>>> print(open('upload_3.cif').read())   # mmCIF, C-alpha atoms
data_query
#
loop_
_atom_site.label_atom_id
_atom_site.label_comp_id
_atom_site.auth_asym_id
_atom_site.auth_seq_id
_atom_site.Cartn_x
_atom_site.Cartn_y
_atom_site.Cartn_z
CA MET Z 4 0.00 0.00 0.00
CA THR Z 5 1.38 3.39 -0.92
CA LYS Z 6 1.17 6.18 1.57
CA ARG Z 7 -1.38 8.85 0.75
CA GLU Z 8 -0.26 12.45 0.67
CA SER Z 9 -1.74 13.98 3.79
CA THR Z 10 -1.71 17.68 2.89
CA SER Z 11 -4.84 18.49 0.95
CA ASN Z 12 -6.49 21.50 -0.62
CA GLU Z 13 -9.79 20.15 0.69
CA LEU Z 14 -11.32 19.81 4.13
CA THR Z 15 -10.40 16.43 5.68
CA VAL Z 16 -12.87 14.97 8.17
CA TYR Z 17 -12.58 11.67 10.05
CA ARG Z 18 -14.97 10.11 12.52
CA PHE Z 19 -14.08 7.07 14.58
CA GLY Z 20 -16.21 5.09 17.00
CA PHE Z 21 -14.88 3.42 20.16
CA GLN Z 22 -16.34 0.48 22.07
CA MET Z 23 -15.77 2.05 25.44
CA ASP Z 24 -18.22 3.70 27.83
CA ASP Z 25 -15.81 5.64 30.05
CA ILE Z 26 -15.01 8.87 28.23
CA ARG Z 27 -12.33 9.92 30.74
CA ALA Z 28 -10.45 6.64 30.34
CA ALA Z 29 -10.79 6.86 26.55
CA ALA Z 30 -9.46 10.44 26.55
CA LYS Z 31 -6.41 9.28 28.52
CA ILE Z 32 -5.76 6.46 26.06
CA ILE Z 33 -6.32 8.52 22.91
CA ARG Z 34 -4.40 11.65 23.96
CA PRO Z 35 -0.87 10.24 23.58
CA LEU Z 36 -1.81 8.51 20.32
CA LEU Z 37 -2.80 11.86 18.84
CA ARG Z 38 -0.15 13.82 20.74
CA ASN Z 39 -2.72 16.42 21.70
CA ARG Z 40 -3.95 18.24 24.78
CA TRP Z 41 -7.60 17.95 25.65
CA LYS Z 42 -9.78 20.57 27.23
CA ARG Z 43 -12.57 18.85 29.16
CA HIS Z 44 -16.08 20.29 28.90
CA ASN Z 45 -19.38 19.25 30.44
CA GLU Z 46 -22.57 20.56 28.88
CA GLU Z 47 -25.80 18.58 29.02
CA PHE Z 48 -26.96 20.13 25.74
CA TRP Z 49 -23.91 18.68 23.95
CA GLY Z 50 -24.25 15.18 25.40
CA GLY Z 51 -22.60 15.77 28.79
CA GLU Z 52 -18.87 15.42 29.20
CA TYR Z 53 -16.68 15.78 26.12
CA TYR Z 54 -13.07 16.55 25.26
CA LEU Z 55 -12.02 19.13 22.72
CA GLN Z 56 -8.89 20.47 21.14
CA THR Z 57 -8.95 23.37 18.70
CA ARG Z 58 -5.80 24.61 17.03
CA LYS Z 59 -4.95 28.00 15.62
CA ASN Z 60 -4.78 26.50 12.12
CA GLY Z 61 -8.49 25.54 12.37
CA THR Z 62 -8.04 21.86 13.25
CA ILE Z 63 -10.77 20.50 15.55
CA ILE Z 64 -10.53 17.22 17.47
CA LYS Z 65 -13.47 16.25 19.68
CA LEU Z 66 -14.15 13.12 21.72
CA HIS Z 67 -17.83 12.89 22.63
CA HIS Z 68 -20.73 10.53 23.32
CA ASN Z 69 -22.65 8.93 20.50
CA TYR Z 70 -25.93 9.20 22.44
CA GLU Z 71 -27.30 12.60 23.44
CA ALA Z 72 -29.72 12.12 26.34
CA PHE Z 73 -30.89 15.77 26.16
CA PHE Z 74 -32.39 15.04 22.73
CA ASP Z 75 -32.88 11.27 23.22
CA HIS Z 76 -30.88 10.92 20.01
CA TRP Z 77 -28.05 8.80 18.62
CA LEU Z 78 -25.61 10.78 16.50
CA GLN Z 79 -24.58 7.59 14.70
CA PRO Z 80 -27.57 5.22 15.08
CA ASN Z 81 -25.94 2.50 12.96
CA TYR Z 82 -23.00 2.44 15.41
CA LYS Z 83 -24.75 2.04 18.77
CA ASP Z 84 -22.08 -0.50 19.78
CA TYR Z 85 -19.63 2.43 19.77
CA PRO Z 86 -20.69 4.74 22.62
CA LEU Z 87 -17.85 7.21 22.03
CA LEU Z 88 -17.07 9.12 18.86
CA LEU Z 89 -13.94 10.95 17.82
CA PHE Z 90 -14.44 13.77 15.33
CA MET Z 91 -11.35 15.13 13.57
CA GLN Z 92 -11.44 18.03 11.11
CA TYR Z 93 -8.44 19.40 9.24
CA PRO Z 94 -8.93 22.55 7.13
CA PRO Z 95 -7.58 22.86 3.59
CA GLY Z 96 -3.80 23.22 3.47
CA THR Z 97 -3.17 21.40 6.76
CA LYS Z 98 -1.57 18.01 7.12
CA ALA Z 99 -4.00 15.36 8.33
CA PRO Z 100 -2.73 12.07 9.75
CA ASP Z 101 -3.24 8.94 7.68
CA ARG Z 102 -6.68 7.53 8.48
CA ASP Z 103 -5.66 3.87 8.27
CA GLU Z 104 -2.60 4.39 10.47
CA LEU Z 105 -4.78 6.14 13.06
CA LEU Z 106 -7.27 3.28 13.05
CA GLU Z 107 -4.43 0.80 13.54
CA LYS Z 108 -3.07 2.80 16.50
CA PHE Z 109 -6.53 3.07 18.07
CA ASN Z 110 -7.24 -0.65 17.66
CA ALA Z 111 -3.98 -1.50 19.41
CA GLU Z 112 -5.47 0.14 22.55
CA ILE Z 113 -9.29 0.21 22.19
CA LYS Z 114 -11.72 -1.48 19.80
CA ALA Z 115 -12.31 1.20 17.17
CA ILE Z 116 -13.98 1.63 13.80
CA PHE Z 117 -13.81 4.27 11.09
CA ILE Z 118 -17.27 5.73 10.44
CA PRO Z 119 -17.74 6.76 6.81
CA PRO Z 120 -18.77 10.31 5.90
CA ASN Z 121 -22.51 11.01 5.86
CA SER Z 122 -23.31 7.80 7.75
CA ASP Z 123 -25.57 9.82 10.06
CA ALA Z 124 -27.49 11.19 7.04
CA LEU Z 125 -28.00 7.66 5.70
CA ALA Z 126 -29.55 6.58 9.00
CA SER Z 127 -31.56 9.75 9.70
CA GLY Z 128 -34.87 8.00 9.09
CA GLU Z 129 -34.18 5.43 11.80
CA ARG Z 130 -35.29 5.80 15.38
CA GLY Z 131 -34.13 3.61 18.17
#
>>> encode(input="upload_3.cif", output="structure tokens")
Amino acid sequence: MTKRESTSNELTVYRFGFQMDDIRAAAKIIRPLLRNRWKRHNEEFWGGEYYLQTRKNGTIIKLHHNYEAFFDHWLQPNYKDYPLLLFMQYPPGTKAPDRDELLEKFNAEIKAIFIPPNSDALASGERG
């Protein structure tokens, strides 16, 4: 497999799901893999506790719950076995990590899955 060029002129967005309920423990495991610093937040409207890193270059990395009790709503209803989601957004012109390498790193520590783009839109008609 050849390595993909990571710097893109387009927005790069990844979403991963993790089979772990404890968001604090997951944040501790994921942080060194991403080499980032989390800022912990707790807002019921946004699903309770979540971890966020924003960078000056516009990169956003957010670890949050798949289920939002405030709205009685699954963000990724087809991935209910993955209670935690990791959202990663890299603006045009920034270097995004290789998606497959990230998934391999995550799976070495926690059971993880890559969630394809627009998977929430495909499942929007489902309730459960």
>>> resolve_selection(input="upload_3.cif", expression="the PyMOL selection byres ((chain Z and resi 21) around 6)", output="PyMOL selection string")
chain Z and resi 20+22-23+85+87+114-115
>>> residues_around(input="upload_3.cif", residues="Z:Phe117", least_positions_apart="5", cutoff="10 Å", atoms="only C-alpha atoms", output="list of chain:residue names")
Z:Tyr17, Z:Arg18, Z:Phe19, Z:Gly20, Z:Phe21, Z:Leu88, Z:Leu89, Z:Arg102, Z:Asp103, Z:Leu105, Z:Leu106
>>> resolve_selection(input="upload_3.cif", expression="the PyMOL selection byres ((chain Z and resi 69-72) around 9)", output="ChimeraX atom specification")
/Z:20,47-51,67-68,73-80,82-83,85-88
>>> residues_around(input="upload_3.cif", residues="Z:Thr15", least_positions_apart="6", cutoff="10 Å", atoms="all atoms listed in the file", output="ChimeraX atom specification")
/Z:9,62,91-100
>>> write_last_selection(input="upload_3.cif", atoms="C-alpha atoms", output="compact mmCIF listing (two decimals), in the coordinates of the input")
# COMPACT_ATOMS: atom_id res chain seq x y z
CA SER Z 9 -1.74 13.98 3.79
CA THR Z 62 -8.04 21.86 13.25
CA MET Z 91 -11.35 15.13 13.57
CA GLN Z 92 -11.44 18.03 11.11
CA TYR Z 93 -8.44 19.40 9.24
CA PRO Z 94 -8.93 22.55 7.13
CA PRO Z 95 -7.58 22.86 3.59
CA GLY Z 96 -3.80 23.22 3.47
CA THR Z 97 -3.17 21.40 6.76
CA LYS Z 98 -1.57 18.01 7.12
CA ALA Z 99 -4.00 15.36 8.33
CA PRO Z 100 -2.73 12.07 9.75
>>> residues_around(input="upload_3.cif", residues="Z:Arg43", least_positions_apart="4", cutoff="7 Å", atoms="only C-alpha atoms", output="VMD selection string")
chain Z and resid 53 to 55
>>> residues_around(input="upload_3.cif", residues="Z:Leu36", least_positions_apart="5", cutoff="10 Å", atoms="only C-alpha atoms", output="number ranges by chain")
Z: 31, 105, 108-109, 112
>>> atom_distance(input="upload_3.cif", atom1="atom CA of Z:Leu66", atom2="atom CA of Z:Ile116")
14.0 Å
>>> atom_distance(input="upload_3.cif", atom1="atom CA of Z:Lys42", atom2="atom CA of Z:Ile64")
10.3 Å
>>> atom_distance(input="upload_3.cif", atom1="atom CA of Z:Trp41", atom2="atom CA of Z:Gln56")
5.3 Å
